[in-house]
file target_39.txt (compact mmCIF, C-alpha atoms)
# COMPACT_ATOMS: atom_id res chain seq x y z
CA MET A 5 -3.69 -2.38 34.53
CA LYS A 6 0.06 -2.39 34.20
CA LEU A 7 1.60 -0.89 31.09
CA GLU A 8 3.38 -3.46 28.99
CA ILE A 9 5.54 -3.08 25.92
CA SER A 10 6.08 -5.95 23.55
CA VAL A 11 8.55 -6.18 20.68
CA HIS A 12 7.93 -8.60 17.83
CA GLU A 13 11.43 -10.09 17.62
CA GLN A 14 11.20 -11.45 14.09
CA ALA A 15 10.01 -8.06 12.87
CA CYS A 16 12.73 -6.00 14.62
CA ARG A 17 15.36 -4.91 12.09
CA GLY A 18 17.79 -3.61 14.71
CA CYS A 19 17.73 0.02 13.52
CA GLN A 20 17.88 1.39 17.11
CA MET A 21 15.49 4.23 16.31
CA CYS A 22 13.36 3.37 19.36
CA VAL A 23 16.50 3.59 21.54
CA ASP A 24 17.16 7.06 20.06
CA VAL A 25 13.66 8.54 20.30
CA CYS A 26 12.56 7.27 23.71
CA PRO A 27 12.53 10.27 26.08
CA THR A 28 12.86 8.06 29.17
CA LYS A 29 15.45 5.54 27.90
CA VAL A 30 13.23 2.48 28.13
CA PHE A 31 15.04 0.54 25.41
CA GLU A 32 18.52 -0.90 25.15
CA PHE A 33 20.19 -2.47 22.17
CA ASP A 34 21.30 -6.09 22.27
CA GLU A 35 24.44 -6.04 20.10
CA GLU A 36 24.67 -9.80 19.92
CA LYS A 37 21.15 -10.51 18.74
CA ARG A 38 20.84 -7.13 16.95
CA LEU A 39 17.48 -6.47 18.61
CA CYS A 40 16.05 -3.77 20.78
CA VAL A 41 15.19 -4.91 24.28
CA VAL A 42 12.73 -3.39 26.73
CA LYS A 43 14.91 -2.73 29.79
CA HIS A 44 13.08 -0.16 31.90
CA GLU A 45 9.39 -0.72 31.26
CA ASP A 46 8.40 1.14 34.44
CA ASP A 47 9.85 4.35 33.02
CA CYS A 48 7.58 4.28 29.98
CA ILE A 49 5.29 7.32 29.75
CA ALA A 50 3.31 5.81 26.83
CA CYS A 51 4.11 8.65 24.46
CA LEU A 52 4.19 5.93 21.75
CA SER A 53 7.06 7.67 19.94
CA CYS A 54 8.80 4.32 19.57
CA ALA A 55 5.74 2.63 18.11
CA TYR A 56 5.38 5.44 15.57
CA ILE A 57 9.01 5.56 14.48
CA CYS A 58 9.48 1.76 14.29
CA PRO A 59 9.81 0.99 10.56
CA SER A 60 8.41 -2.51 11.04
CA GLY A 61 5.54 -1.63 13.36
CA ALA A 62 7.06 -4.18 15.73
CA ILE A 63 6.39 -2.37 19.02
CA THR A 64 2.99 -2.56 20.73
CA HIS A 65 1.84 -1.18 24.06
CA THR A 66 -0.98 -2.47 26.21
CA GLY A 67 -2.47 -1.21 29.45
CA TYR A 68 -1.97 2.51 28.88
CA HIS A 69 -4.54 5.26 29.23
CA VAL A 70 -5.91 5.90 25.76
CA VAL A 71 -6.27 9.58 24.94
CA LYS A 72 -8.60 10.30 22.08
CA ASN A 73 -6.62 11.50 19.11
CA PHE A 74 -8.16 14.80 17.99
CA TYR A 75 -6.97 14.59 14.41
CA ARG A 76 -8.01 11.38 12.68
CA ASP A 77 -9.20 10.44 9.24
CA LEU A 78 -12.67 9.34 10.30
CA ALA A 79 -13.62 7.96 6.90
CA PHE A 80 -10.69 5.54 7.08
CA CYS A 81 -11.13 4.74 10.76
CA ASN A 82 -14.67 3.56 9.99
CA LYS A 83 -13.35 0.96 7.57
CA MET A 84 -10.07 0.08 9.31
CA GLU A 85 -11.60 -3.07 10.82
CA LYS A 86 -12.54 -4.29 7.36
CA PHE A 87 -8.93 -4.47 6.11
CA ILE A 88 -7.91 -8.11 5.86
CA MET B 24 -20.93 -29.29 2.62
CA SER B 25 -22.45 -27.73 -0.50
CA SER B 26 -20.19 -25.43 -2.45
CA VAL B 27 -20.36 -21.67 -1.99
CA PRO B 28 -21.22 -19.72 -5.15
CA VAL B 29 -18.63 -17.05 -5.98
CA ASN B 30 -18.69 -14.22 -8.55
CA ILE B 31 -15.44 -12.63 -9.63
CA GLU B 32 -15.35 -9.36 -11.53
CA TRP B 33 -12.54 -7.52 -13.21
CA LEU B 34 -12.68 -3.72 -13.54
CA SER B 35 -9.74 -1.47 -14.45
CA ASP B 36 -6.69 -3.51 -13.49
CA CYS B 37 -4.05 -5.77 -14.96
CA SER B 38 -5.38 -9.28 -14.11
CA GLY B 39 -2.59 -9.86 -11.59
CA CYS B 40 -5.13 -10.43 -8.81
CA HIS B 41 -6.71 -13.27 -10.78
CA ILE B 42 -3.27 -14.80 -11.16
CA ALA B 43 -2.87 -14.60 -7.37
CA ILE B 44 -5.65 -17.18 -7.07
CA ILE B 45 -3.74 -19.55 -9.34
CA ASP B 46 -0.65 -18.89 -7.21
CA LEU B 47 -2.42 -20.80 -4.45
CA HIS B 48 -0.93 -23.85 -6.21
CA GLU B 49 -2.02 -27.12 -4.53
CA LYS B 50 -4.04 -25.20 -1.96
CA LEU B 51 -6.25 -24.15 -4.87
CA LEU B 52 -7.68 -27.68 -4.92
CA ALA B 53 -8.84 -27.29 -1.32
CA VAL B 54 -10.52 -23.99 -2.20
CA LEU B 55 -12.06 -25.28 -5.44
CA ASN B 56 -13.76 -28.10 -3.54
CA GLU B 57 -15.57 -25.55 -1.44
CA ILE B 58 -16.60 -22.97 -4.03
CA SER B 59 -18.27 -22.88 -7.41
CA ILE B 60 -17.08 -20.06 -9.63
CA GLN B 61 -19.96 -18.55 -11.59
CA ARG B 62 -19.12 -15.24 -13.21
CA CYS B 63 -15.41 -14.84 -13.83
CA PRO B 64 -14.34 -13.08 -17.05
CA VAL B 65 -11.08 -15.02 -17.42
CA LEU B 66 -12.56 -18.46 -16.76
CA THR B 67 -16.25 -18.72 -17.50
CA ASP B 68 -18.56 -17.46 -20.20
CA VAL B 69 -21.24 -16.15 -17.85
CA LYS B 70 -22.44 -12.77 -19.09
CA ASP B 71 -25.00 -11.93 -16.41
CA TYR B 72 -24.64 -11.70 -12.64
CA PRO B 73 -26.10 -14.81 -10.94
CA HIS B 74 -26.69 -14.60 -7.19
CA ALA B 75 -23.55 -15.48 -5.19
CA THR B 76 -22.54 -15.59 -1.53
CA LEU B 77 -19.11 -14.12 -2.15
CA GLY B 78 -18.08 -11.46 -4.67
CA LEU B 79 -14.46 -10.63 -5.40
CA ILE B 80 -13.96 -7.39 -7.32
CA SER B 81 -10.55 -6.34 -8.55
CA GLY B 82 -9.77 -3.06 -10.28
CA ALA B 83 -10.57 0.61 -9.94
CA ILE B 84 -13.57 2.58 -11.23
CA ARG B 85 -12.16 4.19 -14.37
CA SER B 86 -14.98 3.99 -16.91
CA GLU B 87 -18.78 4.04 -16.88
CA HIS B 88 -18.71 0.29 -17.52
CA ASP B 89 -16.67 -0.26 -14.34
CA ARG B 90 -19.28 1.52 -12.26
CA HIS B 91 -22.13 -0.45 -13.86
CA ALA B 92 -20.31 -3.77 -13.28
CA ALA B 93 -19.57 -2.86 -9.65
CA GLU B 94 -23.24 -2.01 -9.03
CA GLU B 95 -24.40 -5.29 -10.59
CA MET B 96 -21.93 -7.20 -8.41
CA ARG B 97 -23.23 -5.45 -5.29
CA LYS B 98 -26.79 -6.43 -6.19
CA SER B 99 -25.89 -10.07 -6.84
CA CYS B 100 -23.43 -10.83 -4.00
CA ASP B 101 -23.99 -11.06 -0.25
CA VAL B 102 -20.39 -10.25 0.72
CA VAL B 103 -18.26 -8.03 -1.50
CA ILE B 104 -14.47 -7.94 -1.14
CA ALA B 105 -12.44 -5.12 -2.69
CA TRP B 106 -9.64 -7.30 -3.89
CA GLY B 107 -6.19 -5.90 -4.63
CA SER B 108 -4.79 -2.39 -4.44
CA CYS B 109 -6.71 -1.10 -7.48
CA ALA B 110 -10.05 -1.85 -5.88
CA VAL B 111 -8.98 -0.64 -2.42
CA TYR B 112 -7.03 2.52 -3.33
CA GLY B 113 -7.47 3.02 -7.09
CA GLY B 114 -4.05 1.50 -7.79
CA ILE B 115 -1.90 2.32 -10.78
CA ALA B 116 -4.91 3.29 -12.89
CA GLY B 117 -5.37 6.04 -10.31
CA ALA B 118 -2.14 7.69 -11.41
CA GLY B 119 -4.24 8.88 -14.37
CA ASN B 120 -5.78 11.45 -12.01
CA VAL B 121 -2.74 13.67 -12.49
CA HIS B 122 -3.90 14.16 -16.11
CA THR B 123 -7.22 15.15 -17.65
CA CYS B 124 -9.20 12.62 -19.70
CA ALA B 125 -8.55 14.73 -22.81
CA ASP B 126 -4.78 14.48 -22.20
CA ILE B 127 -5.02 10.72 -21.77
CA PHE B 128 -7.04 10.23 -24.98
CA ASP B 129 -4.64 12.51 -26.80
CA SER B 130 -1.50 10.63 -25.82
CA VAL B 131 -3.04 7.18 -26.19
CA TYR B 132 -4.88 7.59 -29.50
CA VAL B 133 -4.09 10.85 -31.27
CA ASN B 134 -0.44 11.61 -30.64
CA ASN B 135 0.83 8.22 -29.61
CA LYS B 136 4.48 7.90 -30.58
CA THR B 137 4.34 4.14 -31.11
CA THR B 138 1.12 3.64 -33.09
CA ILE B 139 -0.35 5.11 -36.27
CA THR B 140 -3.86 5.90 -35.02
CA THR B 141 -4.82 9.55 -35.25
CA ALA B 142 -8.41 9.57 -34.00
CA CYS B 143 -10.15 8.63 -30.77
CA PRO B 144 -12.47 5.60 -30.95
CA HIS B 145 -16.14 6.49 -31.04
CA SER B 146 -17.90 6.49 -27.68
CA ASP B 147 -20.61 4.09 -28.88
CA LYS B 148 -17.88 1.44 -29.28
CA ILE B 149 -16.05 1.88 -26.00
CA SER B 150 -17.20 2.90 -22.55
CA ASN B 151 -16.67 6.55 -21.63
CA LEU B 152 -14.06 7.40 -19.01
CA GLU B 153 -15.26 8.95 -15.79
CA ALA B 154 -13.80 12.36 -14.92
CA SER B 155 -11.47 10.78 -12.36
CA VAL B 156 -10.38 7.35 -11.16
CA THR B 157 -11.87 6.30 -7.84
CA PRO B 158 -11.57 3.25 -5.60
CA LEU B 159 -14.34 0.67 -5.54
CA ASP B 160 -15.99 1.98 -2.38
CA ASN B 161 -16.75 5.23 -4.16
CA ALA B 162 -19.30 3.34 -6.27
CA ILE B 163 -20.65 0.66 -3.91
CA ASP B 164 -20.57 -0.45 -0.26
CA VAL B 165 -17.66 -2.80 0.35
CA ASP B 166 -17.65 -5.42 3.12
CA LEU B 167 -13.96 -6.26 3.25
CA TYR B 168 -10.74 -4.82 1.82
CA LEU B 169 -7.83 -6.99 0.74
CA PRO B 170 -5.04 -4.73 -0.54
CA GLY B 171 -1.87 -5.93 -2.28
CA CYS B 172 -0.59 -5.91 -5.84
CA PRO B 173 -1.53 -8.69 -5.97
CA PRO B 174 -2.16 -9.76 -2.38
CA HIS B 175 0.16 -12.68 -1.62
CA SER B 176 -1.70 -15.94 -2.09
CA ALA B 177 -1.19 -16.74 1.62
CA PHE B 178 -3.44 -13.79 2.49
CA VAL B 179 -5.95 -14.69 -0.24
CA PHE B 180 -6.06 -18.28 1.04
CA ASP B 181 -6.42 -17.15 4.65
CA ALA B 182 -9.24 -14.79 3.78
CA LEU B 183 -11.12 -17.20 1.51
CA LEU B 184 -10.84 -20.08 3.94
CA ALA B 185 -12.02 -17.99 6.89
CA ILE B 186 -15.04 -16.74 4.95
CA LEU B 187 -15.90 -20.22 3.67
CA GLU B 188 -15.73 -21.61 7.19
CA GLY B 189 -17.87 -18.77 8.50
CA ARG B 190 -15.10 -17.24 10.64
CA SER B 191 -14.13 -13.58 10.46
CA PRO B 192 -10.85 -13.23 8.61
CA ARG B 193 -7.77 -11.96 10.46
CA THR B 194 -7.69 -8.19 10.15
CA ALA B 195 -4.61 -6.29 9.04
CA THR B 196 -2.09 -5.53 11.76
CA GLY B 197 0.24 -2.58 12.00
CA GLU B 198 3.17 -4.46 10.58
CA SER B 199 4.94 -3.11 7.53
CA VAL B 200 7.00 -4.68 4.76
CA CYS B 201 10.12 -4.07 6.91
CA ALA B 202 8.74 -6.58 9.42
CA ARG B 203 9.16 -9.35 6.84
CA CYS B 204 12.38 -8.15 5.22
CA LYS B 205 15.50 -9.79 6.61
CA ARG B 206 17.93 -6.96 5.84
CA ARG B 207 20.01 -5.39 8.62
CA MET B 208 18.89 -1.84 9.32
CA GLU B 209 21.91 0.07 10.57
CA LYS B 210 23.32 3.57 10.71
CA THR B 211 25.68 4.48 7.88
CA GLU B 212 27.69 7.45 6.62
CA VAL B 213 25.85 7.54 3.25
CA ASP B 214 25.26 11.20 2.38
CA ARG B 215 23.28 11.19 -0.85
CA ILE B 216 20.22 9.47 -2.31
CA LYS B 217 21.04 6.82 -4.90
CA LYS B 218 18.92 6.09 -7.95
CA ASN B 219 17.52 2.56 -8.15
CA SER B 220 19.62 1.89 -11.22
CA GLU B 221 22.83 2.96 -9.50
CA GLY B 222 25.31 0.31 -8.35
CA VAL B 223 24.51 -3.08 -6.86
CA PRO B 224 23.01 -2.91 -3.36
CA ASP B 225 24.65 -4.83 -0.51
CA ARG B 226 22.80 -8.12 0.07
CA GLU B 227 22.55 -7.92 3.83
CA GLN B 228 22.06 -4.24 4.64
CA CYS B 229 18.77 -2.31 4.60
CA LEU B 230 18.22 -0.39 1.36
CA LEU B 231 17.42 2.83 3.27
CA SER B 232 20.78 2.55 5.07
CA GLN B 233 22.44 2.32 1.65
CA GLY B 234 20.72 5.46 0.35
CA TYR B 235 18.03 3.85 -1.83
CA LEU B 236 14.47 5.15 -1.48
CA CYS B 237 12.65 2.03 -0.28
CA MET B 238 9.00 2.37 0.77
CA GLY B 239 8.96 -0.74 2.97
CA SER B 240 8.58 1.14 6.23
CA VAL B 241 5.38 2.91 5.12
CA THR B 242 3.80 0.00 3.28
CA LEU B 243 1.36 -2.56 4.60
CA ASP B 244 2.74 -6.10 4.51
CA ARG B 245 0.54 -7.97 2.04
CA CYS B 246 3.41 -9.49 0.08
CA MET B 247 6.00 -11.18 2.37
CA ALA B 248 8.60 -8.62 1.19
CA PRO B 249 9.89 -10.32 -1.99
CA CYS B 250 11.19 -7.09 -3.56
CA PRO B 251 13.50 -5.71 -0.84
CA GLN B 252 14.76 -9.21 -0.03
CA ASN B 253 15.89 -9.54 -3.64
CA GLY B 254 17.54 -6.16 -3.86
CA VAL B 255 14.65 -4.19 -5.39
CA THR B 256 13.28 -1.20 -3.47
CA CYS B 257 9.70 -1.47 -2.25
CA THR B 258 7.33 0.64 -4.38
CA GLY B 259 4.49 0.58 -1.87
CA CYS B 260 2.12 -1.57 -3.91
CA ALA B 261 -0.03 -2.72 -0.98
CA GLY B 262 -0.73 0.86 0.05
CA ALA B 263 0.22 2.83 3.13
CA THR B 264 0.36 1.44 6.66
CA MET B 265 -2.60 1.90 9.00
CA GLN B 266 -0.61 4.61 10.79
CA VAL B 267 -0.32 6.75 7.65
CA LEU B 268 -3.93 6.14 6.61
CA ALA B 269 -5.47 6.88 9.99
CA GLU B 270 -3.73 10.16 10.71
CA PRO B 271 -4.07 12.97 8.19
CA ASN B 272 -0.85 14.65 9.33
CA ARG B 273 1.30 11.60 8.64
CA ASP B 274 2.42 11.26 5.07
CA ILE B 275 4.42 8.71 3.11
CA ARG B 276 7.26 11.06 2.24
CA THR B 277 7.75 12.53 5.70
CA GLU B 278 7.63 9.12 7.37
CA ILE B 279 10.31 7.74 5.02
CA ALA B 280 12.42 10.87 5.46
CA GLU B 281 12.14 10.68 9.24
CA ARG B 282 13.58 7.16 9.28
CA MET B 283 16.08 7.48 6.46
CA SER B 284 17.60 10.66 7.89
CA ARG B 285 18.18 8.85 11.18
CA LEU B 286 19.85 5.91 9.43
CA THR B 287 22.04 7.93 7.05
CA LYS B 288 23.66 11.34 6.88
CA ILE B 289 21.17 12.55 4.23
CA PRO B 290 19.22 15.59 5.52
CA ARG B 291 15.49 15.01 6.07
CA GLU B 292 14.53 17.90 3.77
CA ALA B 293 16.54 16.47 0.88
CA ILE B 294 14.68 13.15 1.14
CA VAL B 295 11.27 14.86 1.28
CA ARG B 296 12.19 16.95 -1.78
CA GLU B 297 13.41 13.91 -3.73
CA ILE B 298 10.17 12.01 -3.07
CA GLU B 299 8.14 15.05 -4.11
CA LYS B 300 10.11 15.18 -7.37
CA THR B 301 9.30 11.54 -8.04
CA SER B 302 5.82 11.69 -6.52
CA LYS B 303 4.09 10.08 -9.50
CA THR B 304 6.16 6.96 -8.81
CA HIS B 305 6.04 7.00 -5.05
CA TYR B 306 2.33 7.69 -4.72
CA SER B 307 1.26 5.82 -7.83
CA TYR B 308 -0.73 3.10 -6.08
CA THR B 309 -2.67 5.23 -3.63
CA MET B 310 -3.07 8.74 -5.01
CA SER B 311 -6.65 8.29 -6.21
CA SER B 312 -7.83 7.14 -2.80
CA PRO B 313 -9.25 9.99 -0.71
CA MET B 314 -7.30 8.51 2.22
CA ILE B 315 -4.06 9.69 0.57
CA GLY B 316 -5.18 11.98 -2.25
CA GLU B 317 -7.15 14.27 0.04
CA LYS B 318 -4.53 14.54 2.76
CA PRO B 319 -3.80 18.23 3.40
CA THR B 320 -0.09 17.47 2.91
CA PHE B 321 -0.51 15.83 -0.50
CA LEU B 322 0.14 18.41 -3.23
CA ILE B 323 0.90 16.32 -6.28
CA GLN B 324 -0.15 18.93 -8.85
CA LYS B 325 2.27 21.44 -7.32
CA TRP B 326 5.09 18.87 -7.17
CA THR B 327 4.65 17.70 -10.78
CA ASP B 328 4.45 21.31 -12.02
CA GLU B 329 7.67 22.17 -10.16
CA GLU B 330 9.38 19.10 -11.54
CA ARG B 331 8.29 19.97 -15.10
CA ASN B 332 9.52 23.57 -14.71
CA ASP B 333 12.88 22.33 -13.42
CA TYR B 334 13.17 19.91 -16.34
CA GLU B 335 12.30 22.58 -18.88
CA GLN B 336 14.79 24.99 -17.36
CA ASP B 337 17.57 22.41 -17.37
CA HIS B 338 16.87 21.43 -20.96
CA ASN B 339 16.38 25.01 -22.28
CA TYR B 340 12.79 24.66 -23.50
call {"tool": "encode", "arguments": {"input": "target_39.txt", "output": "structure tokens"}}
result
Amino acid sequence: MKLEISVHEQACRGCQMCVDVCPTKVFEFDEEKRLCVVKHEDDCIACLSCAYICPSGAITHTGYHVVKNFYRDLAFCNKMEKFI
Amino acid sequence: MSSVPVNIEWLSDCSGCHIAIIDLHEKLLAVLNEISIQRCPVLTDVKDYPHATLGLISGAIRSEHDRHAAEEMRKSCDVVIAWGSCAVYGGIAGAGNVHTCADIFDSVYVNNKTTITTACPHSDKISNLEASVTPLDNAIDVDLYLPGCPPHSAFVFDALLAILEGRSPRTATGESVCARCKRRMEKTEVDRIKKNSEGVPDREQCLLSQGYLCMGSVTLDRCMAPCPQNGVTCTGCAGATMQVLAEPNRDIRTEIAERMSRLTKIPREAIVREIEKTSKTHYSYTMSSPMIGEKPTFLIQKWTDEERNDYEQDHNY
């Protein structure tokens, strides 16, 4: 499955933090629209740094190899699905 | 379709969540056609707990009465929703965990500066406080959580309608308050943190960019961002984002500092320190939840002690 990055355009505040943190320069900034744009998706190494730093939670990745996080709050993870 | 019986209970909270139902406005009529409200302390005079399909419980477990009421609700309702931040995280009542019960009784009844009472009420007249404030799921099993202070009526409507129609309600996504706020987040030369009362914030620019401590980026969107859009910093009333809750090493103060230090010229450490100094404000909604309160990075007792020592030193106590 191919890795895909999607940016929720209405949620993007144009802070450019994803452009700054990405180690492989996947994002570029669209000055006119004041949005981040995924320019080099193939270079993405799925480190998810951009998704974590994004203040809006606007960036989502699909189709990447999920590595089990070794440090999770299990009590919360058990009820995460119940948050509406 | 016959109407669905609903019980609503009110533990330690402010009643704001009940008002959120009325904020459904005309949509309320659609909901009222489908449900019949049985127990609801602000509306009906039902003293017992009749059997209901749906139970909405707002408020934290603060007193022995709260625990008893929560248990009765669990017995009488098929589906129980922890409704509002107090029920989900402990909410503002949870900020009482920084003090002992004796301290609270002392400042409320014995040495209250604004009233003339000098004795605590007798425990046969009022319910005893529990040793600490806990969220609802500490007392009973909860089926669904709907955080928010109060949750915006759009989310209440969505959730109620889905349950009434037998669908599963939409679960919370990773989006924060920033996702709804229309302010422009941009890099600035601001080099110090401003107090909320200081100056008038720019209408278009992000509050973090202007040096105000806004919690939007670490707060779950259950409100449609009315505060930051009207120039008031977000206080994090709907609780932390899924990211902060799921990972013990991510904390509210470090996440804000990480972003704010990239937007402004304020050093990351200075932001972390400022939030620690005002931790009772910045963690007020979530500190009694084990999800935040038991994080290894959350040291509120140490921070409040340091703050008190600094204050006493500055004011020559």
call {"tool": "interface_residues", "arguments": {"input": "target_39.txt", "of": "chain A", "to": "chain B", "cutoff": "8 Å", "atoms": "only C-alpha atoms", "output": "list of chain:residue names"}}
result
A:Gln14, A:Ala15, A:Cys16, A:Arg17, A:Gly18, A:Cys19, A:Gln20, A:Met21, A:Tyr56, A:Ile57, A:Pro59, A:Ser60, A:Gly61, A:Ala62, A:Tyr75, A:Arg76, A:Asp77, A:Leu78, A:Ala79, A:Phe80, A:Cys81, A:Met84, A:Glu85, A:Lys86, A:Phe87, A:Ile88
call {"tool": "closest_residue", "arguments": {"input": "target_39.txt", "among": "B:Ala116, B:Ile31, B:Ala53, B:Cys124", "to": "Cys143 of chain B", "atoms": "all atoms listed in the file"}}
result
B:Cys124
call {"tool": "atom_distance", "arguments": {"input": "target_39.txt", "atom1": "atom CA of Arg85 of chain B", "atom2": "atom CA of Val65 of chain B"}}
result
19.5 Å
call {"tool": "closest_residue", "arguments": {"input": "target_39.txt", "among": "B:His122, B:Lys98, B:Arg296, B:Lys218", "to": "Pro73 of chain B", "atoms": "all atoms listed in the file"}}
result
B:Lys98
call {"tool": "closest_residue", "arguments": {"input": "target_39.txt", "among": "B:Cys109, B:Val29, B:Ile294, B:Ile127", "to": "Ala261 of chain B", "atoms": "all atoms listed in the file"}}
result
B:Cys109
call {"tool": "residues_around", "arguments": {"input": "target_39.txt", "residues": "segment 40-43 of chain B", "least_positions_apart": "3", "cutoff": "10 Å", "atoms": "all atoms listed in the file", "output": "PyMOL selection string"}}
result
chain B and resi 31-33+36-37+46-48+63-66+79-82+106-109+171-180
call {"tool": "atom_distance", "arguments": {"input": "target_39.txt", "atom1": "atom CA of Pro249 of chain B", "atom2": "atom CA of Lys50 of chain B"}}
result
20.4 Å
